[in-house]
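What's in target00.csv: CSV, C-alpha atoms
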```csv
chain,number,residue,atom,x,y,z
A,169,MET,CA,0.0,0.0,0.0
A,170,SER,CA,1.1,3.6,-0.6
A,171,ASP,CA,2.0,6.2,2.0
A,172,ALA,CA,-1.3,8.1,1.4
A,173,PRO,CA,-3.3,8.1,4.7
A,174,VAL,CA,-6.8,6.8,4.0
A,175,ASP,CA,-8.0,5.6,7.4
A,176,ASP,CA,-10.8,8.2,7.7
A,177,VAL,CA,-12.4,7.8,4.3
A,178,THR,CA,-15.8,6.2,3.8
A,179,TRP,CA,-15.4,4.4,0.5
A,180,THR,CA,-18.1,4.5,-2.2
A,181,ASP,CA,-17.1,1.0,-3.2
A,182,PRO,CA,-14.5,-0.5,-0.9
A,183,THR,CA,-13.3,-3.2,-3.3
A,184,CYS,CA,-13.0,-1.0,-6.4
A,185,PRO,CA,-9.7,0.8,-7.0
A,186,VAL,CA,-11.4,3.2,-9.4
A,187,ALA,CA,-14.0,4.2,-6.9
A,188,ARG,CA,-11.4,4.6,-4.1
A,189,THR,CA,-9.3,6.9,-6.4
A,190,LEU,CA,-12.4,9.0,-7.3
A,191,ASP,CA,-13.2,9.3,-3.6
A,192,ILE,CA,-9.8,11.0,-3.1
A,193,VAL,CA,-9.3,13.0,-6.3
A,194,GLY,CA,-12.5,12.6,-8.3
A,195,ASP,CA,-14.0,16.1,-7.9
A,196,ARG,CA,-13.1,18.7,-10.6
A,197,TRP,CA,-11.0,21.0,-8.4
A,198,SER,CA,-8.8,18.3,-6.8
A,199,LEU,CA,-7.7,16.9,-10.1
A,200,LEU,CA,-7.2,20.4,-11.6
A,201,ILE,CA,-5.0,21.3,-8.6
A,202,VAL,CA,-2.9,18.2,-9.2
A,203,ARG,CA,-2.7,19.0,-12.9
A,204,ASP,CA,-1.4,22.5,-12.1
A,205,ALA,CA,1.0,21.2,-9.5
A,206,MET,CA,2.5,19.0,-12.2
A,207,ASP,CA,2.7,22.1,-14.4
A,208,GLY,CA,4.7,24.1,-11.7
A,209,ALA,CA,2.0,25.8,-9.5
A,210,ARG,CA,3.2,25.9,-5.9
A,211,SER,CA,1.5,28.7,-4.0
A,212,PHE,CA,-2.2,29.2,-3.1
A,213,THR,CA,-2.2,32.2,-5.4
A,214,ASP,CA,-0.8,30.1,-8.3
A,215,PHE,CA,-3.6,27.6,-7.9
A,216,GLN,CA,-6.3,30.2,-7.6
A,217,ARG,CA,-5.1,32.1,-10.6
A,218,ARG,CA,-4.8,29.0,-12.8
A,219,THR,CA,-8.1,27.4,-11.8
A,220,GLY,CA,-10.3,30.3,-10.9
A,221,VAL,CA,-11.7,28.3,-8.0
A,222,ALA,CA,-13.2,30.2,-5.0
A,223,ARG,CA,-10.8,30.7,-2.0
A,224,ASN,CA,-12.8,28.6,0.4
A,225,ILE,CA,-13.0,25.6,-2.0
A,226,LEU,CA,-9.3,25.9,-2.8
A,227,THR,CA,-8.5,25.9,0.9
A,228,ASP,CA,-10.5,22.8,1.4
A,229,ARG,CA,-9.1,20.9,-1.6
A,230,LEU,CA,-5.5,21.8,-0.7
A,231,ARG,CA,-6.1,20.6,2.8
A,232,ARG,CA,-7.6,17.3,1.6
A,233,LEU,CA,-4.8,16.7,-0.9
A,234,VAL,CA,-2.2,17.3,1.9
A,235,ASP,CA,-4.2,15.1,4.3
A,236,ARG,CA,-4.3,12.3,1.7
A,237,GLY,CA,-0.6,12.5,1.0
A,238,ILE,CA,-0.9,13.7,-2.5
A,239,LEU,CA,0.6,17.1,-1.8
A,240,ARG,CA,2.9,18.3,1.1
A,241,ARG,CA,3.4,21.8,2.5
A,242,GLU,CA,6.9,23.2,2.6
A,243,PRO,CA,8.2,26.6,3.6
A,244,ALA,CA,8.6,29.0,0.6
A,245,ALA,CA,12.1,30.2,-0.2
A,246,SER,CA,11.1,33.5,1.5
A,247,GLY,CA,10.2,31.6,4.6
A,248,ARG,CA,7.0,33.7,5.0
A,249,ARG,CA,4.5,31.4,3.3
A,250,GLN,CA,3.9,27.7,2.5
A,251,VAL,CA,4.1,26.2,-0.9
A,252,TYR,CA,2.6,22.9,-2.1
A,253,VAL,CA,4.7,20.2,-3.6
A,254,LEU,CA,3.6,16.9,-5.1
A,255,THR,CA,4.6,13.8,-3.1
A,256,ASP,CA,5.5,10.5,-4.8
A,257,VAL,CA,1.9,9.5,-4.4
A,258,GLY,CA,0.8,12.7,-6.2
A,259,ARG,CA,3.4,12.2,-8.9
A,260,ASP,CA,2.0,8.8,-9.6
A,261,LEU,CA,-1.2,10.5,-10.8
A,262,PHE,CA,0.8,11.7,-13.9
A,263,VAL,CA,-0.4,8.8,-16.0
A,264,VAL,CA,-4.0,9.4,-15.0
A,265,VAL,CA,-3.8,13.1,-16.0
A,266,VAL,CA,-2.1,12.1,-19.3
A,267,ALA,CA,-4.8,9.5,-20.0
A,268,MET,CA,-7.5,12.1,-19.3
A,269,ARG,CA,-5.7,14.7,-21.5
A,270,GLN,CA,-5.4,12.3,-24.4
A,271,TRP,CA,-9.0,11.2,-24.1
A,272,GLY,CA,-10.0,14.9,-24.1
A,273,GLU,CA,-7.9,15.6,-27.1
A,274,ARG,CA,-9.6,12.8,-29.0
A,275,HIS,CA,-13.2,13.4,-27.9
A,276,MET,CA,-13.7,17.0,-26.6
A,277,PHE,CA,-12.4,19.1,-29.4
A,278,ALA,CA,-13.6,19.6,-33.0
A,279,PRO,CA,-11.0,18.7,-35.7
A,280,GLY,CA,-8.5,21.5,-35.9
A,281,GLU,CA,-9.8,23.2,-32.8
A,282,ALA,CA,-6.9,24.8,-30.8
A,283,HIS,CA,-6.0,23.2,-27.4
A,284,SER,CA,-2.9,22.9,-25.2
A,285,VAL,CA,-0.5,20.1,-25.9
A,286,LEU,CA,1.7,18.2,-23.4
A,287,VAL,CA,5.2,17.7,-24.9
A,288,ASP,CA,8.3,15.9,-23.8
A,289,GLU,CA,11.7,17.5,-23.2
A,290,SER,CA,12.3,17.6,-26.9
A,291,GLY,CA,9.1,19.4,-27.6
A,292,ARG,CA,7.3,16.4,-29.1
A,293,PRO,CA,3.8,15.4,-28.1
A,294,LEU,CA,3.6,12.2,-26.1
A,295,ALA,CA,2.7,9.0,-27.8
A,296,PRO,CA,-0.9,7.8,-27.1
A,297,LEU,CA,-1.1,5.8,-23.9
A,298,ARG,CA,-2.4,2.3,-24.3
A,299,ALA,CA,-3.1,-0.5,-21.8
A,300,VAL,CA,-1.0,-3.6,-22.3
A,301,ASP,CA,-0.9,-7.1,-20.7
A,302,ALA,CA,2.1,-8.7,-19.0
A,303,ASP,CA,3.6,-9.5,-22.5
A,304,GLY,CA,3.2,-5.9,-23.8
A,305,ASP,CA,0.3,-6.8,-26.1
A,306,GLY,CA,-2.5,-4.3,-26.3
A,307,VAL,CA,-5.7,-4.9,-24.3
A,308,ASP,CA,-9.1,-3.2,-24.1
A,309,VAL,CA,-12.5,-3.5,-22.5
A,310,ASP,CA,-13.3,-6.6,-24.6
A,311,SER,CA,-10.2,-8.5,-23.6
A,312,THR,CA,-10.1,-7.8,-19.8
A,313,THR,CA,-12.1,-8.9,-16.8
A,314,VAL,CA,-12.4,-7.5,-13.3
A,315,LEU,CA,-11.9,-10.2,-10.6
A,316,ARG,CA,-13.9,-9.6,-7.5
A,317,ARG,CA,-12.0,-10.8,-4.4
A,318,ALA,CA,-13.4,-11.1,-1.0
```
Target format structure tokens, applied to this file:
Amino acid sequence: MSDAPVDDVTWTDPTCPVARTLDIVGDRWSLLIVRDAMDGARSFTDFQRRTGVARNILTDRLRRLVDRGILRREPAASGRRQVYVLTDVGRDLFVVVVAMRQWGERHMFAPGEAHSVLVDESGRPLAPLRAVDADGDGVDVDSTTVLRRA
């Protein structure tokens, strides 16, 4: 299990990893905060400016993300304020954010419509993510099954 503390959460579906993940980061603002932290946002002001979220909601979501081990607070270089930094648990959400971005690029924009693009260090767009089995062969909804364990 990860380092994220989850003892006080009432799970929507206790045996489903998707449901548990959504219980922690499934609201709009939490995932946008994580996205912006991945893109260099650190201060309360950074997050508010980038997302446009109300101060009270941002305060609540930042607290929850810290409580869940996704972000941690550190003193800013000035020493006067706190900044928020992704933990390893938070950094592990990168693939989730990339998958959502790529889905959105395919399905939420008209052909030729302008949108932001995530690029690698060389300035090239990322290759499409794809699910693979243990041998590296592609899998999809028709070739996988969820095993329910008691």
Go ahead and compute the interatomic distance for CA of Ser211 in chain A and CA of Arg241 in chain A, in Å to one decimal.
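The value is 9.7 Å.
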One number please: CA of Tyr252 in chain A to CA of Arg210 in chain A, in Å, one decimal.
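Taking CA of Tyr252 in chain A as the start and CA of Arg210 in chain A as the end point, the length is 4.9 Å.
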CA of Asp288 in chain A to CA of Met276 in chain A measures 22.2 Å
Counting all atoms listed in the file, which of A:Leu239, A:Ala245, A:Ile201, A:Cys184 gets nearest to Ile225 in chain A?
A:Ile201
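Here the question is which of A:Val251, A:Arg236, A:Arg298, A:Ser284 gets nearest to Val263 in chain A using only C-alpha atoms, and that residue is A:Arg298.
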For a quick check of understanding, using only C-alpha atoms, which of A:Arg274, A:Arg229, A:Arg316, A:Arg217 has the smallest distance to Arg196 in chain A?
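The shortest atom-to-atom distance to Arg196 in chain A comes from A:Arg229.
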Near range 310-315 of chain A, within 12 Å and counting all atoms listed in the file, which residues show up once chain neighbours fewer than 2 positions away are dropped, as a VMD selection string?
chain A and resid 183 to 186 299 to 301 305 to 308 317 to 318
Just to be explicit: take each residue in the selection above, keep C-alpha atoms, and write the result as a compact mmCIF listing (two decimals), in the frame of the given file.
```txt
# COMPACT_ATOMS: atom_id res chain seq x y z
CA THR A 183 -13.30 -3.20 -3.30
CA CYS A 184 -13.00 -1.00 -6.40
CA PRO A 185 -9.70 0.80 -7.00
CA VAL A 186 -11.40 3.20 -9.40
CA ALA A 299 -3.10 -0.50 -21.80
CA VAL A 300 -1.00 -3.60 -22.30
CA ASP A 301 -0.90 -7.10 -20.70
CA ASP A 305 0.30 -6.80 -26.10
CA GLY A 306 -2.50 -4.30 -26.30
CA VAL A 307 -5.70 -4.90 -24.30
CA ASP A 308 -9.10 -3.20 -24.10
CA ARG A 317 -12.00 -10.80 -4.40
CA ALA A 318 -13.40 -11.10 -1.00
```
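Distances from A:Val193, A:Val234, A:Leu286, A:Met206 to Arg269 in chain A were compared using all atoms listed in the file, and the smallest one belongs to A:Leu286.
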Need to verify the contact set: Val202 in chain A, 10 Å, all atoms listed in the file, exclusion of same-chain residues closer than 4 positions in sequence. Can you return it as a PyMOL selection string?
chain A and resi 193+197-198+206-209+215+230+233+238-239+253-254+258-259+261-262+265
Now that the selection is made, can you save its residues with C-alpha atoms as a tab-separated table (two decimals), in the coordinates of the input?
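After the write, result_14.tsv holds the following:
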```
chain	number	residue	atom	x	y	z
A	193	VAL	CA	-9.30	13.00	-6.30
A	197	TRP	CA	-11.00	21.00	-8.40
A	198	SER	CA	-8.80	18.30	-6.80
A	206	MET	CA	2.50	19.00	-12.20
A	207	ASP	CA	2.70	22.10	-14.40
A	208	GLY	CA	4.70	24.10	-11.70
A	209	ALA	CA	2.00	25.80	-9.50
A	215	PHE	CA	-3.60	27.60	-7.90
A	230	LEU	CA	-5.50	21.80	-0.70
A	233	LEU	CA	-4.80	16.70	-0.90
A	238	ILE	CA	-0.90	13.70	-2.50
A	239	LEU	CA	0.60	17.10	-1.80
A	253	VAL	CA	4.70	20.20	-3.60
A	254	LEU	CA	3.60	16.90	-5.10
A	258	GLY	CA	0.80	12.70	-6.20
A	259	ARG	CA	3.40	12.20	-8.90
A	261	LEU	CA	-1.20	10.50	-10.80
A	262	PHE	CA	0.80	11.70	-13.90
A	265	VAL	CA	-3.80	13.10	-16.00
```
Could you write range 295-306 of chain A as a short mmCIF file (atom, residue, chain, number, x, y, z; two decimals), in the coordinates of the input, with all heavy atoms rebuilt where they are missing?
```cif
data_model
loop_
_atom_site.label_atom_id
_atom_site.label_comp_id
_atom_site.auth_asym_id
_atom_site.auth_seq_id
_atom_site.Cartn_x
_atom_site.Cartn_y
_atom_site.Cartn_z
N ALA A 295 3.35 10.05 -27.08
CA ALA A 295 2.70 9.00 -27.80
C ALA A 295 1.39 8.63 -27.06
O ALA A 295 1.33 8.76 -25.83
CB ALA A 295 3.58 7.76 -27.92
N PRO A 296 0.37 8.18 -27.76
CA PRO A 296 -0.90 7.80 -27.10
C PRO A 296 -0.60 6.67 -26.07
O PRO A 296 0.13 5.72 -26.35
CB PRO A 296 -1.76 7.28 -28.21
CG PRO A 296 -1.21 7.94 -29.44
CD PRO A 296 0.26 8.06 -29.21
N LEU A 297 -1.18 6.82 -24.88
CA LEU A 297 -1.10 5.80 -23.90
C LEU A 297 -1.95 4.60 -24.33
O LEU A 297 -2.98 4.79 -24.99
CB LEU A 297 -1.61 6.24 -22.53
CG LEU A 297 -0.81 7.30 -21.80
CD1 LEU A 297 -1.49 7.67 -20.49
CD2 LEU A 297 0.61 6.85 -21.54
N ARG A 298 -1.53 3.42 -23.97
CA ARG A 298 -2.40 2.30 -24.30
C ARG A 298 -2.14 1.22 -23.19
O ARG A 298 -1.03 1.07 -22.66
CB ARG A 298 -2.10 1.68 -25.64
CG ARG A 298 -0.76 1.07 -25.85
CD ARG A 298 -0.57 0.59 -27.28
NE ARG A 298 0.53 -0.38 -27.30
CZ ARG A 298 0.42 -1.64 -27.64
NH1 ARG A 298 -0.73 -2.10 -28.05
NH2 ARG A 298 1.46 -2.44 -27.59
N ALA A 299 -3.20 0.54 -22.82
CA ALA A 299 -3.10 -0.50 -21.80
C ALA A 299 -2.53 -1.75 -22.48
O ALA A 299 -2.87 -2.09 -23.62
CB ALA A 299 -4.51 -0.82 -21.28
N VAL A 300 -1.63 -2.41 -21.76
CA VAL A 300 -1.00 -3.60 -22.30
C VAL A 300 -1.04 -4.72 -21.22
O VAL A 300 -1.12 -4.44 -20.03
CB VAL A 300 0.46 -3.38 -22.72
CG1 VAL A 300 0.51 -2.39 -23.89
CG2 VAL A 300 1.32 -2.89 -21.57
N ASP A 301 -0.97 -5.96 -21.68
CA ASP A 301 -0.90 -7.10 -20.70
C ASP A 301 0.52 -7.33 -20.32
O ASP A 301 1.43 -6.56 -20.68
CB ASP A 301 -1.57 -8.33 -21.36
CG ASP A 301 -0.84 -8.87 -22.58
OD1 ASP A 301 0.34 -8.50 -22.82
OD2 ASP A 301 -1.44 -9.69 -23.31
N ALA A 302 0.75 -8.38 -19.57
CA ALA A 302 2.10 -8.70 -19.00
C ALA A 302 3.11 -8.92 -20.14
O ALA A 302 4.31 -8.77 -19.90
CB ALA A 302 2.00 -9.89 -18.10
N ASP A 303 2.66 -9.26 -21.34
CA ASP A 303 3.60 -9.50 -22.50
C ASP A 303 3.76 -8.25 -23.33
O ASP A 303 4.47 -8.30 -24.33
CB ASP A 303 3.08 -10.65 -23.32
CG ASP A 303 3.06 -11.97 -22.55
OD1 ASP A 303 4.00 -12.21 -21.76
OD2 ASP A 303 2.10 -12.75 -22.74
N GLY A 304 3.10 -7.16 -22.98
CA GLY A 304 3.20 -5.90 -23.80
C GLY A 304 2.23 -5.84 -24.92
O GLY A 304 2.28 -4.90 -25.71
N ASP A 305 1.32 -6.80 -25.01
CA ASP A 305 0.30 -6.80 -26.10
C ASP A 305 -0.87 -5.89 -25.63
O ASP A 305 -1.27 -5.89 -24.46
CB ASP A 305 -0.21 -8.18 -26.36
CG ASP A 305 0.89 -9.08 -26.91
OD1 ASP A 305 1.71 -8.58 -27.71
OD2 ASP A 305 0.93 -10.28 -26.52
N GLY A 306 -1.44 -5.15 -26.57
CA GLY A 306 -2.50 -4.30 -26.30
C GLY A 306 -3.77 -5.00 -25.77
O GLY A 306 -4.07 -6.10 -26.21
#
```
